[in-house]
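Peer 1: So that you have it, the file is start_37.csv, and it contains CSV, C-alpha atoms (C1' of nucleotides):
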chain,number,residue,atom,x,y,z
A,1,MET,CA,3.9,50.0,57.9
A,2,LEU,CA,3.4,50.8,61.6
A,3,LYS,CA,1.1,53.7,62.4
A,4,PHE,CA,-1.5,55.0,64.7
A,5,THR,CA,-4.8,55.6,63.0
A,6,THR,CA,-6.6,58.9,63.2
A,7,ARG,CA,-8.8,57.4,65.9
A,8,GLY,CA,-5.8,57.4,68.3
A,9,ARG,CA,-4.5,60.7,67.1
A,10,TYR,CA,-7.7,62.6,67.1
A,11,SER,CA,-8.6,61.3,70.5
A,12,VAL,CA,-5.4,62.6,71.9
A,13,GLN,CA,-6.2,66.0,70.3
A,14,ILE,CA,-9.6,66.0,71.9
A,15,MET,CA,-8.1,65.3,75.3
A,16,VAL,CA,-5.5,68.0,74.8
A,17,ASP,CA,-8.1,70.5,73.8
A,18,LEU,CA,-10.2,69.6,76.9
A,19,SER,CA,-7.1,70.1,79.0
A,20,GLN,CA,-6.5,73.5,77.5
A,21,HIS,CA,-10.1,74.7,78.2
A,22,ILE,CA,-10.4,72.9,81.5
A,23,SER,CA,-11.5,76.0,83.4
A,24,GLU,CA,-14.3,76.9,81.0
A,25,GLY,CA,-16.8,74.3,82.1
A,26,PRO,CA,-18.3,71.8,79.6
A,27,ILE,CA,-16.8,72.1,76.1
A,28,SER,CA,-18.9,71.2,73.2
A,29,LEU,CA,-17.7,68.8,70.6
A,30,LYS,CA,-18.6,71.3,67.9
A,31,SER,CA,-16.1,73.9,69.3
A,32,ILE,CA,-13.3,71.2,69.4
A,33,ALA,CA,-14.1,70.1,65.8
A,34,ASP,CA,-14.0,73.7,64.6
A,35,ARG,CA,-10.8,74.5,66.3
A,36,HIS,CA,-9.0,71.6,64.8
A,37,ASN,CA,-10.9,71.5,61.5
A,38,LEU,CA,-12.2,68.0,62.0
A,39,SER,CA,-15.6,66.3,61.4
A,40,GLU,CA,-17.8,66.6,64.5
A,41,SER,CA,-19.7,63.4,63.6
A,42,TYR,CA,-16.5,61.5,63.5
A,43,LEU,CA,-15.2,62.9,66.8
A,44,GLU,CA,-18.5,62.0,68.3
A,45,GLN,CA,-17.7,58.3,67.8
A,46,LEU,CA,-14.3,58.7,69.4
A,47,ILE,CA,-15.4,60.7,72.4
A,48,SER,CA,-18.1,58.2,73.0
A,49,GLU,CA,-15.3,55.6,73.6
A,50,LEU,CA,-13.5,58.1,75.8
A,51,ARG,CA,-16.7,58.5,77.9
A,52,LYS,CA,-17.2,54.7,78.2
A,53,ALA,CA,-13.5,54.5,79.4
A,54,ASP,CA,-14.4,57.0,82.0
A,55,LEU,CA,-11.8,59.5,80.7
A,56,VAL,CA,-14.4,62.2,80.1
A,57,ARG,CA,-17.8,63.1,81.5
A,58,SER,CA,-20.6,64.4,79.4
A,59,VAL,CA,-23.2,67.1,80.1
A,60,ARG,CA,-26.2,66.9,77.8
A,61,GLY,CA,-28.4,69.6,76.6
A,62,ALA,CA,-27.8,73.2,75.7
A,63,GLN,CA,-24.6,74.6,77.1
A,64,GLY,CA,-23.5,71.1,77.6
A,65,GLY,CA,-20.4,69.4,76.5
A,66,TYR,CA,-17.5,67.3,77.8
A,67,VAL,CA,-15.2,67.6,80.8
A,68,LEU,CA,-12.1,65.6,81.8
A,69,GLN,CA,-12.8,63.1,84.5
A,70,ARG,CA,-9.4,63.4,86.0
A,71,ASP,CA,-6.5,65.9,86.1
A,72,PRO,CA,-4.4,66.0,83.0
A,73,GLY,CA,-1.5,64.9,85.2
A,74,GLN,CA,-3.4,61.7,86.0
A,75,ILE,CA,-4.2,60.6,82.4
A,76,THR,CA,-1.7,58.9,80.2
A,77,VAL,CA,-1.6,58.9,76.4
A,78,GLY,CA,-1.6,55.1,76.6
A,79,GLU,CA,-5.0,55.1,78.2
A,80,ILE,CA,-6.4,57.4,75.6
A,81,ILE,CA,-5.1,55.5,72.7
A,82,ARG,CA,-6.1,52.1,74.0
A,83,SER,CA,-9.6,53.3,74.9
A,84,VAL,CA,-10.4,54.1,71.3
A,85,ALA,CA,-8.3,51.5,69.5
A,86,GLY,CA,-8.3,48.4,71.6
A,87,SER,CA,-5.0,47.1,72.6
A,88,ILE,CA,-1.8,48.3,71.1
A,89,ALA,CA,-0.7,45.1,69.4
A,90,PRO,CA,1.7,45.0,66.5
A,91,VAL,CA,0.2,41.7,65.2
A,92,ASP,CA,-2.9,39.7,65.5
A,93,CYS,CA,-3.2,36.4,67.3
A,94,GLU,CA,-3.5,32.9,65.8
A,95,HIS,CA,-2.0,30.2,68.0
A,96,GLN,CA,-1.9,32.5,70.9
A,97,THR,CA,0.5,33.4,73.5
A,98,GLU,CA,-1.5,36.3,74.8
A,99,THR,CA,-1.9,38.3,71.6
A,100,MET,CA,0.9,37.2,69.4
A,101,SER,CA,0.9,34.9,66.4
A,102,CYS,CA,2.6,33.4,63.5
A,103,ARG,CA,1.5,30.9,60.9
A,104,CYS,CA,4.5,28.6,61.2
A,105,ASP,CA,4.2,24.9,62.1
A,106,PRO,CA,3.0,24.8,65.7
A,107,ASP,CA,5.5,22.0,66.4
A,108,GLU,CA,8.5,24.2,65.7
A,109,GLN,CA,9.2,27.1,68.0
A,110,CYS,CA,8.0,30.4,66.8
A,111,LEU,CA,11.1,32.4,66.3
A,112,THR,CA,9.7,35.8,65.7
A,113,ARG,CA,6.9,35.8,68.3
A,114,ASP,CA,9.0,37.4,71.1
A,115,LEU,CA,10.0,40.1,68.7
A,116,TRP,CA,6.5,41.5,68.2
A,117,VAL,CA,5.8,41.1,72.0
A,118,ARG,CA,8.8,43.3,72.7
A,119,VAL,CA,7.7,45.9,70.2
A,120,ARG,CA,4.3,46.0,71.7
A,121,ASP,CA,5.6,46.3,75.2
A,122,SER,CA,8.0,49.0,74.3
A,123,VAL,CA,5.3,51.2,72.7
A,124,ASN,CA,3.0,50.6,75.6
A,125,GLU,CA,5.7,51.5,78.0
A,126,LEU,CA,6.4,54.7,76.2
A,127,VAL,CA,2.8,56.0,75.8
A,128,ASP,CA,2.0,55.0,79.4
A,129,SER,CA,4.9,57.2,80.6
A,130,ILE,CA,3.5,60.3,78.8
A,131,TYR,CA,0.8,62.3,80.6
A,132,LEU,CA,-1.7,64.6,79.1
A,133,SER,CA,-0.2,67.4,81.1
A,134,ASP,CA,3.1,66.8,79.3
A,135,LEU,CA,1.4,67.7,76.0
A,136,VAL,CA,-0.3,70.9,77.1
A,137,LYS,CA,1.7,74.0,76.6
A,138,GLN,CA,1.8,76.3,79.5
A,139,PRO,CA,2.3,79.9,78.2
A,140,MET,CA,2.8,81.3,81.7
A,141,ASP,CA,5.6,78.9,82.3
A,142,ARG,CA,7.9,79.6,79.3
A,143,SER,CA,10.8,80.7,81.7
A,144,SER,CA,11.0,77.4,83.3
A,145,LEU,CA,11.9,75.6,80.1
A,146,ASN,CA,15.7,75.7,80.7
B,1,MET,CA,-4.6,50.2,66.5
B,2,LEU,CA,-0.9,50.0,66.0
B,3,LYS,CA,0.3,47.0,64.1
B,4,PHE,CA,2.8,45.7,61.7
B,5,THR,CA,1.2,44.3,58.6
B,6,THR,CA,1.9,40.9,57.2
B,7,ARG,CA,4.4,42.5,54.8
B,8,GLY,CA,6.7,43.2,57.7
B,9,ARG,CA,6.0,40.0,59.5
B,10,TYR,CA,6.3,37.7,56.5
B,11,SER,CA,9.5,39.4,55.4
B,12,VAL,CA,11.1,38.7,58.8
B,13,GLN,CA,10.0,35.1,58.5
B,14,ILE,CA,11.6,34.9,55.0
B,15,MET,CA,14.8,36.2,56.4
B,16,VAL,CA,14.8,34.0,59.4
B,17,ASP,CA,14.1,31.0,57.1
B,18,LEU,CA,17.0,32.0,54.9
B,19,SER,CA,19.2,32.3,58.0
B,20,GLN,CA,18.2,28.8,59.1
B,21,HIS,CA,19.2,27.3,55.7
B,22,ILE,CA,22.1,29.4,55.1
B,23,SER,CA,24.5,26.5,54.4
B,24,GLU,CA,22.3,24.9,51.8
B,25,GLY,CA,22.9,27.3,48.9
B,26,PRO,CA,20.1,29.1,47.1
B,27,ILE,CA,16.7,28.5,48.8
B,28,SER,CA,13.7,28.6,46.5
B,29,LEU,CA,10.8,30.8,47.5
B,30,LYS,CA,8.5,27.8,47.0
B,31,SER,CA,10.2,25.9,49.8
B,32,ILE,CA,9.9,28.8,52.1
B,33,ALA,CA,6.3,29.3,51.3
B,34,ASP,CA,5.6,25.6,51.9
B,35,ARG,CA,7.4,25.5,55.2
B,36,HIS,CA,5.4,28.4,56.5
B,37,ASN,CA,2.2,27.8,54.7
B,38,LEU,CA,2.2,31.1,52.9
B,39,SER,CA,1.4,32.1,49.4
B,40,GLU,CA,4.4,32.0,47.1
B,41,SER,CA,3.1,34.7,44.9
B,42,TYR,CA,2.6,37.0,47.8
B,43,LEU,CA,6.1,36.4,49.2
B,44,GLU,CA,7.5,37.0,45.7
B,45,GLN,CA,6.4,40.7,46.0
B,46,LEU,CA,8.0,40.9,49.4
B,47,ILE,CA,11.3,39.3,48.6
B,48,SER,CA,11.5,41.5,45.5
B,49,GLU,CA,11.7,44.5,47.9
B,50,LEU,CA,14.3,42.7,50.0
B,51,ARG,CA,16.4,42.2,46.9
B,52,LYS,CA,16.1,45.8,45.9
B,53,ALA,CA,17.2,46.7,49.4
B,54,ASP,CA,20.2,44.5,48.9
B,55,LEU,CA,19.3,42.2,51.8
B,56,VAL,CA,19.2,39.1,49.7
B,57,ARG,CA,20.7,38.0,46.4
B,58,SER,CA,18.8,36.0,43.8
B,59,VAL,CA,20.0,33.1,41.7
B,60,ARG,CA,17.8,32.6,38.7
B,61,GLY,CA,16.9,29.4,36.9
B,62,ALA,CA,16.6,25.8,38.0
B,63,GLN,CA,18.1,25.1,41.4
B,64,GLY,CA,18.0,28.8,41.9
B,65,GLY,CA,16.7,30.8,44.8
B,66,TYR,CA,17.7,33.3,47.3
B,67,VAL,CA,20.7,33.8,49.6
B,68,LEU,CA,21.3,36.4,52.3
B,69,GLN,CA,23.7,39.1,51.2
B,70,ARG,CA,25.1,39.6,54.7
B,71,ASP,CA,25.7,37.5,57.8
B,72,PRO,CA,22.5,37.3,60.0
B,73,GLY,CA,24.5,39.1,62.7
B,74,GLN,CA,24.8,42.0,60.4
B,75,ILE,CA,21.2,42.4,59.4
B,76,THR,CA,18.7,44.1,61.7
B,77,VAL,CA,15.0,43.6,61.9
B,78,GLY,CA,14.6,47.3,61.4
B,79,GLU,CA,16.2,47.1,58.0
B,80,ILE,CA,14.0,44.3,57.0
B,81,ILE,CA,10.7,45.9,58.0
B,82,ARG,CA,11.6,49.3,56.5
B,83,SER,CA,12.6,47.8,53.2
B,84,VAL,CA,9.2,46.3,52.6
B,85,ALA,CA,7.0,48.8,54.4
B,86,GLY,CA,8.6,52.2,53.9
B,87,SER,CA,9.4,54.1,57.0
B,88,ILE,CA,8.1,53.1,60.4
B,89,ALA,CA,6.0,56.2,61.0
B,90,PRO,CA,3.1,56.2,63.4
B,91,VAL,CA,1.4,59.0,61.6
B,92,ASP,CA,1.4,60.7,58.2
B,93,CYS,CA,2.6,64.1,57.3
B,94,GLU,CA,0.8,67.2,56.5
B,95,HIS,CA,2.6,70.3,57.6
B,96,GLN,CA,5.8,68.5,57.9
B,97,THR,CA,8.5,68.3,60.4
B,98,GLU,CA,10.1,65.4,58.8
B,99,THR,CA,7.3,62.9,58.8
B,100,MET,CA,4.9,64.1,61.4
B,101,SER,CA,1.7,66.0,61.1
B,102,CYS,CA,-1.5,67.3,62.6
B,103,ARG,CA,-4.4,69.2,61.2
B,104,CYS,CA,-4.4,71.9,63.8
B,105,ASP,CA,-4.0,75.6,63.0
B,106,PRO,CA,-0.5,76.1,61.7
B,107,ASP,CA,-0.2,79.2,63.7
B,108,GLU,CA,-0.6,77.5,67.0
B,109,GLN,CA,2.1,75.1,68.1
B,110,CYS,CA,1.3,71.5,67.5
B,111,LEU,CA,1.2,70.0,70.9
B,112,THR,CA,1.1,66.3,69.9
B,113,ARG,CA,3.7,66.3,67.2
B,114,ASP,CA,6.6,65.4,69.4
B,115,LEU,CA,4.6,62.5,70.8
B,116,TRP,CA,4.4,60.7,67.6
B,117,VAL,CA,8.0,61.4,66.8
B,118,ARG,CA,9.0,59.9,70.1
B,119,VAL,CA,7.0,56.8,69.4
B,120,ARG,CA,8.4,56.4,66.0
B,121,ASP,CA,12.0,56.8,67.2
B,122,SER,CA,11.4,54.4,70.0
B,123,VAL,CA,10.2,51.7,67.8
B,124,ASN,CA,12.9,52.3,65.3
B,125,GLU,CA,15.5,52.1,68.0
B,126,LEU,CA,14.2,48.8,69.2
B,127,VAL,CA,14.0,47.0,65.9
B,128,ASP,CA,17.3,48.4,64.9
B,129,SER,CA,18.8,46.8,68.0
B,130,ILE,CA,17.6,43.3,67.1
B,131,TYR,CA,19.6,41.3,64.6
B,132,LEU,CA,18.5,38.4,62.5
B,133,SER,CA,20.9,36.2,64.4
B,134,ASP,CA,19.0,37.0,67.6
B,135,LEU,CA,15.9,35.3,66.1
B,136,VAL,CA,17.4,32.1,64.9
B,137,LYS,CA,17.4,29.2,67.3
B,138,GLN,CA,20.6,27.5,67.7
B,139,PRO,CA,19.8,23.9,68.7
B,140,MET,CA,23.4,23.0,69.2
B,141,ASP,CA,23.8,25.8,71.7
B,142,ARG,CA,21.1,25.1,74.2
B,143,SER,CA,23.6,24.7,77.0
B,144,SER,CA,24.8,28.2,76.8
B,145,LEU,CA,21.4,29.7,77.5
B,146,ASN,CA,22.1,30.3,81.2
C,1,DC,C1',-41.3,75.7,73.2
C,2,DA,C1',-36.9,76.5,70.6
C,3,DA,C1',-32.2,76.0,70.4
C,4,DA,C1',-28.3,73.5,71.5
C,5,DT,C1',-26.3,69.7,72.5
C,6,DT,C1',-25.3,64.7,73.6
C,7,DC,C1',-26.3,60.1,72.2
C,8,DC,C1',-27.1,56.2,69.1
C,9,DT,C1',-27.2,53.4,64.9
C,10,DA,C1',-26.8,52.4,60.3
C,11,DG,C1',-24.7,53.2,56.2
C,12,DT,C1',-21.2,54.6,52.6
C,13,DA,C1',-16.8,55.9,50.6
C,14,DA,C1',-11.9,55.6,50.4
C,15,DA,C1',-7.7,53.5,51.4
C,16,DT,C1',-4.9,49.7,52.4
C,17,DA,C1',-3.7,45.0,52.7
C,18,DG,C1',-3.7,40.6,51.0
C,19,DA,C1',-3.7,37.6,47.4
C,20,DT,C1',-4.0,35.8,42.6
C,21,DA,C1',-2.9,35.3,37.6
C,22,DG,C1',-0.3,35.1,33.6
C,23,DG,C1',3.5,35.3,31.2
C,24,DA,C1',8.5,36.8,30.2
C,25,DT,C1',13.3,35.6,31.3
C,26,DA,C1',17.1,32.8,32.9
C,27,DT,C1',19.6,28.5,34.0
C,28,DA,C1',20.8,23.6,35.3
C,29,DG,C1',20.9,19.3,33.9
C,30,DA,C1',19.3,15.4,30.9
D,1,DT,C1',18.9,21.6,22.5
D,2,DC,C1',14.9,20.6,25.3
D,3,DT,C1',12.5,20.5,29.6
D,4,DA,C1',11.8,21.6,34.2
D,5,DT,C1',12.6,24.8,37.6
D,6,DA,C1',13.1,29.2,39.1
D,7,DT,C1',13.2,34.2,39.3
D,8,DC,C1',11.1,38.4,37.6
D,9,DC,C1',7.5,41.7,36.4
D,10,DT,C1',3.0,43.8,36.2
D,11,DA,C1',-1.8,44.0,36.3
D,12,DT,C1',-5.8,42.9,38.6
D,13,DC,C1',-9.1,41.5,42.0
D,14,DT,C1',-11.0,40.9,46.6
D,15,DA,C1',-11.5,41.5,51.5
D,16,DT,C1',-10.8,44.3,55.4
D,17,DT,C1',-10.3,48.3,57.8
D,18,DT,C1',-10.5,53.0,58.3
D,19,DA,C1',-12.6,57.2,57.8
D,20,DC,C1',-16.5,59.7,57.4
D,21,DT,C1',-21.7,60.9,56.8
D,22,DA,C1',-26.6,61.0,57.7
D,23,DG,C1',-30.6,61.1,60.4
D,24,DG,C1',-33.0,61.2,64.2
D,25,DA,C1',-34.0,60.4,69.4
D,26,DA,C1',-33.2,62.1,74.0
D,27,DT,C1',-31.9,65.8,77.1
D,28,DT,C1',-31.4,70.3,79.0
D,29,DT,C1',-31.1,75.5,79.1
D,30,DG,C1',-33.4,79.7,78.9
Go ahead and express the file in the form of structure tokens.

Peer 2:
Amino acid sequence: MLKFTTRGRYSVQIMVDLSQHISEGPISLKSIADRHNLSESYLEQLISELRKADLVRSVRGAQGGYVLQRDPGQITVGEIIRSVAGSIAPVDCEHQTETMSCRCDPDEQCLTRDLWVRVRDSVNELVDSIYLSDLVKQPMDRSSLN
Amino acid sequence: MLKFTTRGRYSVQIMVDLSQHISEGPISLKSIADRHNLSESYLEQLISELRKADLVRSVRGAQGGYVLQRDPGQITVGEIIRSVAGSIAPVDCEHQTETMSCRCDPDEQCLTRDLWVRVRDSVNELVDSIYLSDLVKQPMDRSSLN
DNA sequence: CAAATTCCTAGTAAATAGATAGGATATAGA
DNA sequence: TCTATATCCTATCTATTTACTAGGAATTTG
């Protein structure tokens, strides 16, 4: 199976939520967790990675919370996912060409290696082309949909 | 992280191996396991799925083994992976639009759902465009590479 | 000072993946 | 017909990863 874990998905949700409340100052993690019915403690670990990746800024203390570091139009989904989940790699590495592997005899050419590289590149390309702003609904702008 | 499991990868290896020995009659799983240094018992479970998906045919008894059901040019990597790993879905489903989900309030529009659908479709499209024959090296044909 | 909040670390539970074991069934060839 | 070689089937176990919880220290507002 090929799937994103909750880490990647929840992280995107956090970032979308922050985009939606961008004008309200620091947003507490508790309010995000409540809105999406997720565990605050769990999100804590994820947003900690987002902070280290410099995607959000934190404000400590009462009335504190988190704020996007950049405009939603300047943050890609790829950045978000990679920041909490390491690289987006369909397989692990053994005898490495970058991050690809197989267990076949090293003498013979690895026939499937390129395949997984292509899948990885394809997914990366896609998520890197989608910006946070693309995911935020703009209720004022419904008319421009067609 | 986003990765294919060994199920998908080993299954592709099995199918590539069968392609390479296509002219030798039924190929035993033991010989495949030996060539790639993998556990025969484990591959057994995988090839069982490949058989149910009608991608390979089995010949029981001594001198038995497995044979591709179709020409390598007629079998896609997508079929192989899906047959052993279910659907290639980046996320699981809760309030379902096909196979996508989020845990947000069902009243509000799910902003990220389309994202995961697009990733899934993109990966499926890619692996469905790659045929087994594309992965098999043709040592006689080196000259035609350019 | 009290309440709200981020920050940090350790630990646990649940799910999945990966692998193993044992034996039943089938077939080729001696 | 017997033996060796295979597939076939199912149950089980182990390791890894994912998901989540707990507890408390540090920081800031009012």

Peer 1: When the cut-off is 8 Å and we count all atoms listed in the file, which residues of chain C are near chain A, given as a list of chain:residue names?

Peer 2: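 Taken together, these residues fit the definition: C:DA3, C:DA4, C:DT5, C:DT6.
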
Peer 1: Expressed in Å to a single decimal, how great is the separation between CA of Asp121 (chain B) and CA of Val123 (chain A)?

Peer 2: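 Taking CA of Asp121 (chain B) as the start and CA of Val123 (chain A) as the end point, the length is 10.3 Å.
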
Peer 1: In Å, how far is it from CA of Ser11 (chain B) to CA of Thr5 (chain A)?

Peer 2: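 It comes out at 22.9 Å.
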
Peer 1: List as an MDAnalysis selection string: which residues have an atom within 12 Å of (-41.6, 74.7, 73.9), counting all atoms listed in the file?

Peer 2: (chainID C and resid 1:3) or (chainID D and resid 29:30)

Peer 1: For chain B, work out the contacting residues on chain D at 9 Å, counting all atoms listed in the file, and write them as a PDB file with C-alpha atoms (C1' of nucleotides), in the frame of the given file.

Peer 2:
ATOM      1  C1'  DA D   4      11.800  21.600  34.200  1.00  0.00           C
ATOM      2  C1'  DT D   5      12.600  24.800  37.600  1.00  0.00           C
ATOM      3  C1'  DA D   6      13.100  29.200  39.100  1.00  0.00           C
ATOM      4  C1'  DT D   7      13.200  34.200  39.300  1.00  0.00           C
ATOM      5  C1'  DC D   8      11.100  38.400  37.600  1.00  0.00           C
TER       6       DC D   8
END

Peer 1: List every protein, DNA or RNA residue with an atom no more than 10 Å from (7.7, 38.0, 57.1) in the file's coordinates, counting only C-alpha atoms (C1' of nucleotides), and format the result as a ChimeraX atom specification.

Peer 2: /A:102,112 /B:5-17,36,38,43,46-47,80-81,84

Peer 1: Of the candidates B:Ser19, B:Asn124, B:Ser41, B:Ser31, which shows the shortest atom-to-atom distance to DA19 (chain C), using all atoms listed in the file?

Peer 2: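 The shortest atom-to-atom distance to DA19 (chain C) comes from B:Ser41.
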
Peer 1: Between CA of Ile32 (chain B) and C1' of DT27 (chain C), what is the distance in Å, rounded to a tenth?

Peer 2: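 Separating CA of Ile32 (chain B) from C1' of DT27 (chain C) is a distance of 20.5 Å.
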
Peer 1: Between B:Gln74, B:Ser23, B:Gln69, B:Ser129, which one has atoms that come closest to chain A, using all atoms listed in the file?

Peer 2: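 Between B:Gln74, B:Ser23, B:Gln69, B:Ser129, the residue approaching chain A most closely is B:Ser129.
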
Peer 1: Using the file's own x, y and z axes, what box holds all listed atoms of region 21-30 of chain C with 5 Å on each side, keeping edges along x, y and z, and what are its centre and edge lengths in Å to one decimal, as JSON?

Peer 2:
{"center_x": 9.0, "center_y": 26.1, "center_z": 33.9, "size_x": 33.8, "size_y": 31.4, "size_z": 17.4}

Peer 1: Considering all atoms listed in the file, can you say which of A:Arg35, A:His21, A:Arg57, A:Lys3 comes closest to chain B?

Peer 2: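 Of all the options, A:Lys3 lies closest to chain B.
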
Peer 1: Taking only C-alpha atoms into account, name the residue in A:Glu125, A:Leu115, A:Ala85, A:Gly78 that is nearest to chain B.

Peer 2: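 Under the stated criterion, the closest residue is A:Ala85.
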
Peer 1: For chain A, which residue out of B:Leu126, B:Val67, B:Leu50, B:Ile27 is the nearest one, using all atoms listed in the file?

Peer 2: B:Leu126

Peer 1: Restricting the calculation to all atoms listed in the file: of B:Glu24, B:Tyr131, B:Arg113, B:Phe4, which residue gets closest to chain A?

Peer 2: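 Looking only at the distances to chain A, the closest residue turns out to be B:Phe4.
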
Peer 1: Pick out the residues sitting within 9 Å of region 10-21 of chain D, and hand them over as a list of chain:residue names; count all atoms listed in the file, and ignore anything fewer than 3 positions along from it in its own chain.

Peer 2: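 Final neighbour list, sorted by chain and number: A:Thr5, A:Thr6, A:Arg7, A:Ser39, A:Ser41, A:Tyr42, C:DG11, C:DT12, C:DA13, C:DA14, C:DA15, C:DT16, C:DA17, C:DG18, C:DA19, C:DT20, C:DA21.
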